[in-house]
>>> print(open('target25.tsv').read())   # TSV, C-alpha atoms and all ligand atoms
chain	number	residue	atom	x	y	z
A	1	MET	CA	0.63	3.13	-23.82
A	2	ARG	CA	-0.56	-0.26	-22.58
A	3	PRO	CA	1.11	-1.58	-19.43
A	4	CYS	CA	3.58	-4.28	-20.37
A	5	TYR	CA	5.56	-6.67	-18.25
A	6	LYS	CA	7.85	-8.24	-20.79
A	7	GLU	CA	11.58	-8.00	-20.28
A	8	PRO	CA	12.69	-4.61	-21.57
A	9	THR	CA	14.15	-4.56	-25.04
A	10	ALA	CA	14.98	-0.90	-25.58
A	11	ASP	CA	18.33	0.45	-24.50
A	12	TRP	CA	16.87	3.14	-22.29
A	13	GLU	CA	20.18	4.63	-21.36
A	14	GLU	CA	20.93	5.21	-24.98
A	15	VAL	CA	17.44	6.65	-25.56
A	16	ALA	CA	17.73	8.92	-22.52
A	17	THR	CA	21.10	10.18	-23.61
A	18	ARG	CA	19.92	10.94	-27.13
A	19	GLN	CA	16.88	12.85	-25.83
A	20	SER	CA	18.92	14.81	-23.35
A	21	PRO	CA	19.23	18.57	-23.91
A	22	ALA	CA	22.41	18.38	-21.84
A	23	TYR	CA	23.79	15.77	-24.23
A	24	GLN	CA	22.88	17.87	-27.25
A	25	LYS	CA	24.92	20.68	-25.79
A	26	GLY	CA	27.79	18.28	-25.40
A	27	ALA	CA	27.55	17.83	-21.62
A	28	ARG	CA	27.12	14.09	-21.03
A	29	GLU	CA	26.77	14.20	-17.26
A	30	LEU	CA	25.42	16.61	-14.65
A	31	LYS	CA	27.78	17.49	-11.81
A	32	PRO	CA	27.27	15.87	-8.40
A	33	PRO	CA	27.01	18.14	-5.32
A	34	PRO	CA	30.20	18.43	-3.24
A	35	VAL	CA	30.18	15.82	-0.48
A	36	ARG	CA	33.11	15.72	1.93
A	37	GLU	CA	35.03	12.48	2.09
A	38	GLU	CA	34.37	11.87	5.79
A	39	VAL	CA	30.63	12.44	5.24
A	40	LEU	CA	30.61	9.94	2.40
A	41	ALA	CA	32.41	7.40	4.59
A	42	PHE	CA	29.88	7.97	7.39
A	43	HIS	CA	26.91	7.73	4.97
A	44	ASN	CA	28.21	4.48	3.52
A	45	SER	CA	28.62	3.00	7.01
A	46	GLN	CA	24.92	3.53	7.79
A	47	ILE	CA	21.82	1.49	7.07
A	48	VAL	CA	19.95	3.64	4.56
A	49	VAL	CA	16.27	2.94	3.90
A	50	ASP	CA	14.12	4.74	1.35
A	51	LEU	CA	10.54	4.08	2.44
A	52	HIS	CA	9.05	4.84	-0.97
A	53	LEU	CA	10.20	5.02	-4.55
A	54	ASP	CA	8.29	4.29	-7.71
A	55	SER	CA	10.66	2.76	-10.26
A	56	ILE	CA	8.36	-0.27	-10.63
A	57	LEU	CA	5.67	2.11	-11.87
A	58	GLN	CA	8.04	3.13	-14.66
A	59	GLN	CA	8.58	-0.52	-15.42
A	60	ARG	CA	4.83	-1.09	-15.65
A	61	LEU	CA	4.27	1.88	-17.95
A	62	PHE	CA	7.46	2.06	-20.00
A	63	ARG	CA	9.26	-1.27	-19.51
A	64	TYR	CA	11.89	0.64	-17.52
A	65	ASP	CA	14.61	-1.83	-16.54
A	66	ILE	CA	15.61	-1.16	-12.93
A	67	LYS	CA	18.65	-3.41	-13.34
A	68	LYS	CA	20.24	-0.98	-15.79
A	69	ARG	CA	21.86	2.39	-15.18
A	70	HIS	CA	20.00	5.33	-16.68
A	71	SER	CA	21.35	8.79	-17.32
A	72	PRO	CA	19.68	11.89	-15.93
A	73	TRP	CA	18.74	13.96	-18.92
A	74	MET	CA	18.25	17.42	-17.45
A	75	ARG	CA	18.63	19.27	-14.18
A	76	ARG	CA	15.60	19.03	-11.85
A	77	GLN	CA	14.74	15.93	-13.87
A	78	PRO	CA	10.93	16.04	-14.11
A	79	LEU	CA	8.62	13.06	-13.48
A	80	PHE	CA	10.89	9.99	-13.50
A	81	TRP	CA	14.18	8.31	-14.36
A	82	HIS	CA	15.54	9.04	-10.90
A	83	ALA	CA	16.45	5.59	-9.63
A	84	ASP	CA	17.62	2.14	-10.64
A	85	ILE	CA	19.69	-0.55	-8.96
A	86	PRO	CA	23.14	0.71	-10.04
A	87	ARG	CA	22.37	4.28	-8.95
A	88	MET	CA	20.79	3.19	-5.65
A	89	VAL	CA	23.91	1.17	-4.89
A	90	GLU	CA	26.03	4.21	-5.73
A	91	GLY	CA	23.87	6.36	-3.42
A	92	GLY	CA	24.58	4.06	-0.49
A	93	TYR	CA	21.09	2.57	-0.28
A	94	THR	CA	20.67	-0.49	1.94
A	95	ALA	CA	16.95	-0.96	1.32
A	96	ALA	CA	14.27	0.51	-0.89
A	97	VAL	CA	10.55	-0.04	-0.62
A	98	CYS	CA	9.17	-0.16	-4.16
A	99	GLY	CA	5.67	1.22	-4.62
A	100	ILE	CA	3.20	-1.22	-6.23
A	101	HIS	CA	0.45	0.58	-8.12
A	102	TYR	CA	-2.59	0.38	-10.27
A	103	TRP	CA	-4.79	3.14	-11.66
A	104	PRO	CA	-6.22	4.74	-8.52
A	105	TRP	CA	-9.76	3.46	-8.62
A	106	GLU	CA	-11.27	0.22	-7.47
A	107	SER	CA	-11.55	-2.48	-10.09
A	108	ARG	CA	-11.28	-6.24	-10.32
A	109	ARG	CA	-8.32	-5.82	-12.65
A	110	ALA	CA	-6.16	-4.30	-9.90
A	111	PHE	CA	-5.20	-7.48	-8.03
A	112	PRO	CA	-3.95	-9.41	-11.12
A	113	GLU	CA	-1.97	-6.35	-12.23
A	114	VAL	CA	-0.41	-6.10	-8.77
A	115	LYS	CA	0.69	-9.71	-9.02
A	116	LYS	CA	2.48	-8.99	-12.30
A	117	GLN	CA	4.47	-6.20	-10.65
A	118	LEU	CA	5.38	-8.51	-7.77
A	119	ASP	CA	6.45	-11.14	-10.31
A	120	TYR	CA	8.72	-8.57	-11.94
A	121	LEU	CA	10.25	-7.64	-8.58
A	122	GLU	CA	10.83	-11.31	-7.79
A	123	ARG	CA	12.43	-11.88	-11.17
A	124	VAL	CA	14.79	-8.97	-10.57
A	125	VAL	CA	15.84	-10.40	-7.21
A	126	GLU	CA	16.34	-13.87	-8.70
A	127	THR	CA	18.43	-12.66	-11.61
A	128	ASP	CA	20.51	-9.85	-10.11
A	129	GLU	CA	23.17	-10.70	-7.58
A	130	ARG	CA	23.39	-7.09	-6.37
A	131	VAL	CA	19.95	-7.35	-4.74
A	132	VAL	CA	18.06	-9.47	-2.25
A	133	SER	CA	14.49	-9.34	-1.08
A	134	ALA	CA	13.85	-8.63	2.59
A	135	ARG	CA	10.93	-9.15	4.92
A	136	THR	CA	12.50	-8.34	8.27
A	137	ALA	CA	14.92	-5.92	9.93
A	138	GLU	CA	17.36	-8.80	10.32
A	139	GLU	CA	17.33	-9.43	6.58
A	140	ILE	CA	18.01	-5.74	5.92
A	141	GLU	CA	20.95	-5.86	8.35
A	142	ALA	CA	22.25	-8.98	6.61
A	143	ALA	CA	21.98	-7.19	3.25
A	144	LYS	CA	24.10	-4.37	4.67
A	145	ARG	CA	26.76	-6.81	5.89
A	146	GLU	CA	26.86	-8.51	2.50
A	147	GLY	CA	26.91	-5.24	0.54
A	148	LYS	CA	23.56	-5.97	-1.12
A	149	LEU	CA	20.54	-3.82	-1.80
A	150	ALA	CA	17.35	-5.12	-0.16
A	151	LEU	CA	14.11	-4.58	-2.08
A	152	MET	CA	10.67	-4.64	-0.48
A	153	ALA	CA	7.16	-3.84	-1.70
A	154	GLY	CA	4.76	-1.14	-0.51
A	155	PHE	CA	1.20	-1.30	-1.81
A	156	GLU	CA	-0.11	2.11	-2.72
A	157	GLY	CA	-3.83	2.19	-2.05
A	158	ALA	CA	-6.47	-0.12	-0.57
A	159	HIS	CA	-8.12	-0.17	-4.02
A	160	LEU	CA	-5.41	-2.73	-4.90
A	161	LEU	CA	-7.28	-5.26	-2.73
A	162	SER	CA	-10.20	-5.16	-5.20
A	163	GLY	CA	-12.48	-5.07	-2.14
A	164	GLN	CA	-11.23	-8.38	-0.74
A	165	ILE	CA	-9.54	-8.19	2.63
A	166	GLU	CA	-8.12	-11.71	2.32
A	167	HIS	CA	-5.66	-10.37	-0.28
A	168	VAL	CA	-3.77	-8.69	2.59
A	169	GLU	CA	-2.29	-12.03	3.59
A	170	GLU	CA	-1.03	-12.61	0.04
A	171	PHE	CA	0.52	-9.13	0.01
A	172	ARG	CA	2.34	-10.00	3.22
A	173	GLN	CA	3.55	-13.34	1.91
A	174	ARG	CA	4.91	-11.64	-1.17
A	175	LYS	CA	7.21	-9.38	0.85
A	176	GLY	CA	4.75	-6.53	1.29
A	177	LEU	CA	5.96	-4.19	4.01
A	178	TYR	CA	3.06	-1.74	4.11
A	179	LEU	CA	-0.26	-0.86	2.60
A	180	THR	CA	-1.11	2.79	2.00
A	181	LEU	CA	-4.80	3.08	2.81
A	182	ALA	CA	-5.64	5.39	-0.12
A	183	HIS	CA	-3.90	6.73	-3.21
A	184	PHE	CA	-5.61	9.36	-5.38
A	185	SER	CA	-9.22	8.22	-5.12
A	186	ARG	CA	-11.90	7.13	-2.67
A	187	ASN	CA	-11.88	3.37	-2.06
A	188	SER	CA	-13.72	0.88	0.17
A	189	ALA	CA	-11.48	1.79	3.13
A	190	THR	CA	-11.31	5.59	3.10
A	191	VAL	CA	-10.93	8.83	1.13
A	192	PRO	CA	-7.66	10.44	-0.05
A	193	ALA	CA	-6.37	13.83	1.11
A	194	LEU	CA	-6.05	14.81	-2.53
A	195	GLY	CA	-7.79	13.40	-5.59
A	196	ARG	CA	-11.15	11.89	-6.55
A	197	GLY	CA	-13.52	11.81	-3.57
A	198	ALA	CA	-11.19	13.80	-1.29
A	199	ASP	CA	-13.12	15.04	1.75
A	200	PRO	CA	-11.41	16.34	4.90
A	201	ASP	CA	-14.49	15.47	6.98
A	202	GLN	CA	-14.51	11.78	6.18
A	203	GLY	CA	-12.38	9.08	7.77
A	204	LEU	CA	-12.26	5.29	7.79
A	205	THR	CA	-15.21	3.19	6.66
A	206	PRO	CA	-16.08	-0.01	8.60
A	207	PHE	CA	-14.03	-1.86	5.91
A	208	GLY	CA	-11.16	0.56	6.55
A	209	ARG	CA	-11.26	-0.17	10.28
A	210	GLU	CA	-11.27	-3.90	9.60
A	211	LEU	CA	-8.35	-3.38	7.21
A	212	VAL	CA	-6.20	-1.63	9.85
A	213	GLN	CA	-6.91	-4.48	12.28
A	214	THR	CA	-6.06	-7.04	9.59
A	215	LEU	CA	-2.76	-5.29	8.79
A	216	ASN	CA	-1.94	-5.36	12.52
A	217	ALA	CA	-2.85	-9.04	12.71
A	218	VAL	CA	-0.72	-10.18	9.76
A	219	GLY	CA	2.29	-7.95	10.51
A	220	MET	CA	2.01	-5.35	7.77
A	221	ILE	CA	2.38	-1.64	8.42
A	222	ALA	CA	-0.57	0.73	7.95
A	223	ASP	CA	0.67	3.66	5.84
A	224	VAL	CA	-1.15	6.98	6.16
A	225	ALA	CA	0.61	8.89	3.33
A	226	HIS	CA	-2.09	10.36	1.03
A	227	LEU	CA	-4.67	10.52	3.88
A	228	ASN	CA	-6.38	13.54	5.40
A	229	GLU	CA	-5.69	14.52	9.02
A	230	ARG	CA	-8.90	13.07	10.35
A	231	THR	CA	-8.13	9.64	8.89
A	232	VAL	CA	-4.49	9.74	10.06
A	233	LEU	CA	-5.70	10.35	13.61
A	234	GLU	CA	-8.27	7.55	13.35
A	235	VAL	CA	-5.71	5.06	12.06
A	236	CYS	CA	-3.24	6.00	14.81
A	237	GLU	CA	-5.95	5.63	17.45
A	238	LEU	CA	-7.02	2.23	16.16
A	239	SER	CA	-3.69	0.63	15.26
A	240	THR	CA	-1.97	-1.52	17.86
A	241	ALA	CA	1.33	-1.32	15.92
A	242	PRO	CA	3.50	1.58	14.71
A	243	VAL	CA	1.94	3.56	11.83
A	244	ILE	CA	3.97	5.26	9.10
A	245	ALA	CA	3.51	8.06	6.59
A	246	SER	CA	5.87	6.58	4.01
A	247	HIS	CA	6.28	9.65	1.77
A	248	THR	CA	5.01	13.05	2.82
A	249	ILE	CA	5.98	16.60	3.90
A	250	ALA	CA	5.26	18.80	6.95
A	251	ARG	CA	2.26	21.07	6.42
A	252	ALA	CA	3.63	23.56	8.97
A	253	LEU	CA	6.33	24.45	6.40
A	254	HIS	CA	4.18	24.23	3.28
A	255	ASP	CA	0.45	23.84	3.74
A	256	HIS	CA	-0.20	21.26	1.03
A	257	ARG	CA	-2.95	18.65	1.44
A	258	ARG	CA	-0.45	15.86	0.68
A	259	GLY	CA	1.42	16.70	3.88
A	260	VAL	CA	1.02	15.90	7.57
A	261	THR	CA	0.00	18.42	10.23
A	262	ASP	CA	1.88	18.72	13.51
A	263	ARG	CA	-1.06	16.97	15.17
A	264	ALA	CA	-0.71	14.08	12.75
A	265	ILE	CA	3.07	13.95	13.37
A	266	GLU	CA	2.40	13.71	17.11
A	267	ALA	CA	-0.19	10.96	16.61
A	268	ILE	CA	2.12	8.90	14.34
A	269	THR	CA	4.97	9.37	16.82
A	270	ALA	CA	2.76	8.17	19.67
A	271	THR	CA	2.30	4.84	17.86
A	272	GLY	CA	6.10	4.48	17.61
A	273	GLY	CA	5.90	5.12	13.87
A	274	VAL	CA	7.84	7.28	11.42
A	275	ILE	CA	7.28	10.01	8.86
A	276	GLY	CA	9.22	9.67	5.57
A	277	ILE	CA	10.06	12.97	3.85
A	278	MET	CA	9.68	13.26	0.08
A	279	PHE	CA	12.08	14.86	-2.40
A	280	CYS	CA	9.37	16.67	-4.36
A	281	PRO	CA	9.93	20.46	-4.51
A	282	SER	CA	6.32	21.36	-5.33
A	283	PHE	CA	5.14	19.60	-2.16
A	284	LEU	CA	8.07	20.80	-0.02
A	285	THR	CA	7.88	24.48	-0.93
A	286	GLY	CA	5.23	25.03	-3.59
A	287	LYS	CA	7.98	25.82	-6.10
A	288	LEU	CA	9.47	23.70	-8.85
A	289	ASN	CA	12.97	25.02	-8.24
A	290	THR	CA	14.11	24.17	-4.72
A	291	SER	CA	17.36	22.87	-3.30
A	292	LEU	CA	17.81	19.73	-1.21
A	293	ALA	CA	18.00	21.99	1.87
A	294	ALA	CA	14.17	22.02	1.76
A	295	VAL	CA	14.17	18.28	2.49
A	296	ALA	CA	16.52	18.88	5.44
A	297	GLU	CA	14.20	21.63	6.72
A	298	HIS	CA	11.18	19.32	6.68
A	299	ILE	CA	13.19	16.59	8.41
A	300	GLU	CA	14.26	19.10	11.06
A	301	HIS	CA	10.69	20.27	11.61
A	302	VAL	CA	9.32	16.75	12.01
A	303	ALA	CA	12.17	15.96	14.44
A	304	ASP	CA	11.36	19.15	16.39
A	305	VAL	CA	7.71	18.11	16.72
A	306	GLY	CA	8.07	14.37	17.32
A	307	GLY	CA	11.72	13.93	18.28
A	308	PRO	CA	14.59	12.52	16.21
A	309	GLY	CA	13.10	9.03	16.50
A	310	CYS	CA	10.12	9.73	14.23
A	311	VAL	CA	11.59	10.92	10.96
A	312	ALA	CA	12.78	8.97	7.94
A	313	ILE	CA	13.21	9.21	4.18
A	314	GLY	CA	10.57	8.32	1.59
A	315	THR	CA	11.83	10.06	-1.54
A	316	ASP	CA	8.97	9.29	-3.97
A	317	LEU	CA	11.63	9.33	-6.71
A	318	ASP	CA	10.34	8.07	-10.06
A	319	GLY	CA	6.81	8.83	-8.82
A	320	TRP	CA	5.82	11.39	-11.47
A	321	ILE	CA	6.96	14.16	-9.16
A	322	SER	CA	7.12	17.46	-11.03
A	323	THR	CA	10.85	18.01	-10.41
A	324	ILE	CA	13.57	16.92	-7.99
A	325	PRO	CA	15.75	19.31	-5.94
A	326	ASN	CA	17.95	21.44	-8.18
A	327	ASP	CA	21.29	20.50	-6.60
A	328	ILE	CA	21.10	16.70	-6.93
A	329	ARG	CA	21.30	14.49	-10.00
A	330	ASP	CA	19.10	11.65	-8.69
A	331	CYS	CA	19.18	8.97	-5.97
A	332	ARG	CA	23.00	8.81	-6.24
A	333	ASP	CA	23.28	12.06	-4.32
A	334	LEU	CA	21.60	10.91	-1.11
A	335	PRO	CA	24.95	11.36	0.75
A	336	TYR	CA	24.49	15.09	0.19
A	337	LEU	CA	21.42	14.97	2.44
A	338	THR	CA	23.55	13.35	5.12
A	339	GLN	CA	25.98	16.28	4.82
A	340	LEU	CA	23.18	18.85	5.04
A	341	LEU	CA	21.78	17.21	8.19
A	342	LEU	CA	25.21	17.04	9.87
A	343	ASP	CA	25.86	20.67	8.91
A	344	ARG	CA	22.52	21.69	10.44
A	345	GLY	CA	23.63	20.25	13.78
A	346	PHE	CA	22.16	16.75	13.67
A	347	THR	CA	24.52	14.41	15.53
A	348	GLN	CA	25.82	11.36	13.71
A	349	GLU	CA	23.49	9.22	15.80
A	350	GLN	CA	20.44	11.32	14.89
A	351	THR	CA	21.45	11.39	11.23
A	352	GLY	CA	21.77	7.61	11.24
A	353	LEU	CA	18.25	7.35	12.67
A	354	VAL	CA	16.86	9.52	9.86
A	355	LEU	CA	18.75	7.63	7.16
A	356	GLY	CA	17.45	4.24	8.22
A	357	GLY	CA	17.63	3.55	11.96
A	358	ASN	CA	14.09	4.71	12.63
A	359	ALA	CA	12.62	2.82	9.68
A	360	LEU	CA	14.47	-0.29	10.79
A	361	ARG	CA	13.05	0.05	14.30
A	362	VAL	CA	9.49	0.16	12.94
A	363	ILE	CA	10.11	-2.80	10.61
A	364	ARG	CA	11.54	-4.78	13.53
A	365	SER	CA	8.55	-3.90	15.69
A	366	VAL	CA	5.93	-4.84	13.08
A	367	ARG	CA	7.66	-7.74	11.30
A	368	GLY	CA	9.69	-9.19	14.16
A	369	SER	CA	13.44	-9.49	13.81
S	401	ZN	ZN	2.30	8.29	-3.38
>>> encode(input="target25.tsv", output="structure tokens", more="lines below")
Ligand SMILES: [Zn+2]
Amino acid sequence: MRPCYKEPTADWEEVATRQSPAYQKGARELKPPPVREEVLAFHNSQIVVDLHLDSILQQRLFRYDIKKRHSPWMRRQPLFWHADIPRMVEGGYTAAVCGIHYWPWESRRAFPEVKKQLDYLERVVETDERVVSARTAEEIEAAKREGKLALMAGFEGAHLLSGQIEHVEEFRQRKGLYLTLAHFSRNSATVPALGRGADPDQGLTPFGRELVQTLNAVGMIADVAHLNERTVLEVCELSTAPVIASHTIARALHDHRRGVTDRAIEAITATGGVIGIMFCPSFLTGKLNTSLAAVAEHIEHVADVGGPGCVAIGTDLDGWISTIPNDIRDCRDLPYLTQLLLDRGFTQEQTGLVLGGNALRVIRSVRGS
């Protein structure tokens, strides 16, 4: 299917419902997990930041309309259809960083395609009173006070620059929060941990080093998700600002190349940065059928290694992940994670840091208030 940026015409909710095996059996809606009332009240009082979700990718490929509510169509919902504005609002989101993508190899077509996705995001903000765009921590806090959802952009892969470092400034101007240095292929800046050109013995190129310095200079965050350990350590050494891994898992719990090692967690923490934990069972445990407790376990491990100030959430929902945890419907059930963390002994203060406090601290540090 060719990427298309026209306003959606199909009624996707209706399509999803018709395709749904659950619907065909007569069950129109999956059951939410049990969240205690006081937990829900606490969750809704917090600033909640998802450092990475990919609904804009669905828009690019399938004209998915993030302004409309979509129905989950089966348990462990594979690949996508996990998030949209109504469901993020219901899940207590304050801010979401939307991944901006293009096919993961370097081409001159990438930058114009990126601009179309940014145009779509801008159009959503202009035409939907439930959302605002945000560039700073202060704007996210204002969104919370006003009961709005703040949307930001995260650029997934230095290949999106089409080899031109001056595009970084335009990314920043168009509300870009971070740039992930690689996606699933080698680019001018570095190699990925997984994908075309992956090589654990290679790190940043001279262009990659210049890129990290440029991100520091313009006030964008360098994101090391998708990078190998060697490159993560190099970026952390070089960067003068906090570094993040926007969506990842802890390799100590499941040794997958997409994850971060304890050494990498320590290096990111030393920059003042954060590690966002994904909701993807195959990365968390190596299995397709895993409960949300696996996410809590990875959060706990990262907090054990780097302290409660270094862990955050970067769900990767809608990012073609093979499944989502078996006890949640979609992004609406984020409060259940809050309950799991509190039940594991996280204090309210620590839980608040994981939900959004830590991400907000990094955004404040890199973007100013
Ligand atoms: Zn990714």
>>> atom_distance(input="target25.tsv", atom1="CA of Ser365 in chain A", atom2="CA of His301 in chain A")
24.6 Å
>>> closest_atom_pairs(input="target25.tsv", of="chain A", to="ligand ZN 401 (chain S)", cutoff="10 Å", atoms="all atoms listed in the file", output="JSON lines")
{"residue": "A:His52", "atom": "CA", "partner": "S:ZN401", "partner_atom": "ZN", "distance": 8.0}
{"residue": "A:Leu53", "atom": "CA", "partner": "S:ZN401", "partner_atom": "ZN", "distance": 8.6}
{"residue": "A:Asp54", "atom": "CA", "partner": "S:ZN401", "partner_atom": "ZN", "distance": 8.4}
{"residue": "A:Gly99", "atom": "CA", "partner": "S:ZN401", "partner_atom": "ZN", "distance": 7.9}
{"residue": "A:Ile100", "atom": "CA", "partner": "S:ZN401", "partner_atom": "ZN", "distance": 10.0}
{"residue": "A:His101", "atom": "CA", "partner": "S:ZN401", "partner_atom": "ZN", "distance": 9.2}
{"residue": "A:Phe155", "atom": "CA", "partner": "S:ZN401", "partner_atom": "ZN", "distance": 9.8}
{"residue": "A:Glu156", "atom": "CA", "partner": "S:ZN401", "partner_atom": "ZN", "distance": 6.7}
{"residue": "A:Gly157", "atom": "CA", "partner": "S:ZN401", "partner_atom": "ZN", "distance": 8.7}
{"residue": "A:Thr180", "atom": "CA", "partner": "S:ZN401", "partner_atom": "ZN", "distance": 8.4}
{"residue": "A:Ala182", "atom": "CA", "partner": "S:ZN401", "partner_atom": "ZN", "distance": 9.1}
{"residue": "A:His183", "atom": "CA", "partner": "S:ZN401", "partner_atom": "ZN", "distance": 6.4}
{"residue": "A:Phe184", "atom": "CA", "partner": "S:ZN401", "partner_atom": "ZN", "distance": 8.2}
{"residue": "A:Ala225", "atom": "CA", "partner": "S:ZN401", "partner_atom": "ZN", "distance": 6.9}
{"residue": "A:His226", "atom": "CA", "partner": "S:ZN401", "partner_atom": "ZN", "distance": 6.6}
{"residue": "A:Ser246", "atom": "CA", "partner": "S:ZN401", "partner_atom": "ZN", "distance": 8.4}
{"residue": "A:His247", "atom": "CA", "partner": "S:ZN401", "partner_atom": "ZN", "distance": 6.6}
{"residue": "A:Thr248", "atom": "CA", "partner": "S:ZN401", "partner_atom": "ZN", "distance": 8.3}
{"residue": "A:Arg258", "atom": "CA", "partner": "S:ZN401", "partner_atom": "ZN", "distance": 9.0}
{"residue": "A:Met278", "atom": "CA", "partner": "S:ZN401", "partner_atom": "ZN", "distance": 9.5}
{"residue": "A:Gly314", "atom": "CA", "partner": "S:ZN401", "partner_atom": "ZN", "distance": 9.6}
{"residue": "A:Thr315", "atom": "CA", "partner": "S:ZN401", "partner_atom": "ZN", "distance": 9.9}
{"residue": "A:Asp316", "atom": "CA", "partner": "S:ZN401", "partner_atom": "ZN", "distance": 6.8}
{"residue": "A:Leu317", "atom": "CA", "partner": "S:ZN401", "partner_atom": "ZN", "distance": 10.0}
{"residue": "A:Gly319", "atom": "CA", "partner": "S:ZN401", "partner_atom": "ZN", "distance": 7.1}
{"residue": "A:Trp320", "atom": "CA", "partner": "S:ZN401", "partner_atom": "ZN", "distance": 9.4}
{"residue": "A:Ile321", "atom": "CA", "partner": "S:ZN401", "partner_atom": "ZN", "distance": 9.5}
>>> closest_residue(input="target25.tsv", among="A:Leu334, A:Thr231, A:Ala137, A:Arg329", to="Lys31 in chain A", atoms="all atoms listed in the file")
A:Arg329
>>> atom_distance(input="target25.tsv", atom1="CA of Asn44 in chain A", atom2="CA of Leu118 in chain A")
28.6 Å
>>> atom_distance(input="target25.tsv", atom1="CA of Leu355 in chain A", atom2="CA of Gly219 in chain A")
22.9 Å
>>> closest_residue(input="target25.tsv", among="A:Phe111, A:Phe62, A:Tyr178, A:Trp103", to="Thr214 in chain A", atoms="all atoms listed in the file")
A:Tyr178
>>> closest_residue(input="target25.tsv", among="A:Leu211, A:Leu161, A:Val48, A:Ile221", to="Leu149 in chain A", atoms="only C-alpha atoms")
A:Val48
>>> residues_near_point(input="target25.tsv", point="(-12.7, -6.6, -1.1)", cutoff="12 Å", atoms="all atoms listed in the file", output="list in words")
Glu106, Ser107, Arg108, Ala110, Phe111, Ala158, His159, Leu160, Leu161, Ser162, Gly163, Gln164, Ile165, Glu166, His167, Val168, Asn187, Ser188, Ala189, Phe207, Gly208, Glu210 and Leu211 of chain A
>>> closest_residue(input="target25.tsv", among="A:Leu238, A:Cys280, A:Val302, A:Leu61", to="Asn326 in chain A", atoms="all atoms listed in the file")
A:Cys280
>>> build_atoms(input="target25.tsv", residues="range 331-344 of chain A", atoms="N, CA and C atoms", output="PDB file, in the coordinates of the input")
ATOM      1  N   CYS A 331      18.995   9.668  -7.245  1.00  0.00           N
ATOM      2  CA  CYS A 331      19.180   8.970  -5.970  1.00  0.00           C
ATOM      3  C   CYS A 331      20.660   8.787  -5.598  1.00  0.00           C
ATOM      4  N   ARG A 332      21.572   8.951  -6.547  1.00  0.00           N
ATOM      5  CA  ARG A 332      23.000   8.810  -6.240  1.00  0.00           C
ATOM      6  C   ARG A 332      23.478   9.836  -5.224  1.00  0.00           C
ATOM      7  N   ASP A 333      22.771  10.972  -5.144  1.00  0.00           N
ATOM      8  CA  ASP A 333      23.280  12.060  -4.320  1.00  0.00           C
ATOM      9  C   ASP A 333      22.670  12.108  -2.927  1.00  0.00           C
ATOM     10  N   LEU A 334      22.123  10.981  -2.481  1.00  0.00           N
ATOM     11  CA  LEU A 334      21.600  10.910  -1.110  1.00  0.00           C
ATOM     12  C   LEU A 334      22.658  11.283  -0.057  1.00  0.00           C
ATOM     13  N   PRO A 335      23.948  10.946  -0.255  1.00  0.00           N
ATOM     14  CA  PRO A 335      24.950  11.360   0.750  1.00  0.00           C
ATOM     15  C   PRO A 335      24.960  12.871   0.992  1.00  0.00           C
ATOM     16  N   TYR A 336      24.525  13.636   0.006  1.00  0.00           N
ATOM     17  CA  TYR A 336      24.490  15.090   0.190  1.00  0.00           C
ATOM     18  C   TYR A 336      23.474  15.479   1.266  1.00  0.00           C
ATOM     19  N   LEU A 337      22.390  14.716   1.372  1.00  0.00           N
ATOM     20  CA  LEU A 337      21.420  14.970   2.440  1.00  0.00           C
ATOM     21  C   LEU A 337      22.064  14.715   3.801  1.00  0.00           C
ATOM     22  N   THR A 338      22.843  13.656   3.872  1.00  0.00           N
ATOM     23  CA  THR A 338      23.550  13.350   5.120  1.00  0.00           C
ATOM     24  C   THR A 338      24.424  14.543   5.518  1.00  0.00           C
ATOM     25  N   GLN A 339      25.126  15.114   4.533  1.00  0.00           N
ATOM     26  CA  GLN A 339      25.980  16.280   4.820  1.00  0.00           C
ATOM     27  C   GLN A 339      25.149  17.471   5.296  1.00  0.00           C
ATOM     28  N   LEU A 340      24.027  17.719   4.636  1.00  0.00           N
ATOM     29  CA  LEU A 340      23.180  18.850   5.040  1.00  0.00           C
ATOM     30  C   LEU A 340      22.678  18.677   6.468  1.00  0.00           C
ATOM     31  N   LEU A 341      22.295  17.448   6.827  1.00  0.00           N
ATOM     32  CA  LEU A 341      21.780  17.210   8.190  1.00  0.00           C
ATOM     33  C   LEU A 341      22.898  17.419   9.218  1.00  0.00           C
ATOM     34  N   LEU A 342      24.078  16.868   8.934  1.00  0.00           N
ATOM     35  CA  LEU A 342      25.210  17.040   9.870  1.00  0.00           C
ATOM     36  C   LEU A 342      25.550  18.527  10.000  1.00  0.00           C
ATOM     37  N   ASP A 343      25.527  19.241   8.888  1.00  0.00           N
ATOM     38  CA  ASP A 343      25.860  20.670   8.910  1.00  0.00           C
ATOM     39  C   ASP A 343      24.809  21.497   9.634  1.00  0.00           C
ATOM     40  N   ARG A 344      23.586  20.981   9.708  1.00  0.00           N
ATOM     41  CA  ARG A 344      22.520  21.690  10.440  1.00  0.00           C
ATOM     42  C   ARG A 344      22.577  21.394  11.927  1.00  0.00           C
TER      43      ARG A 344
END
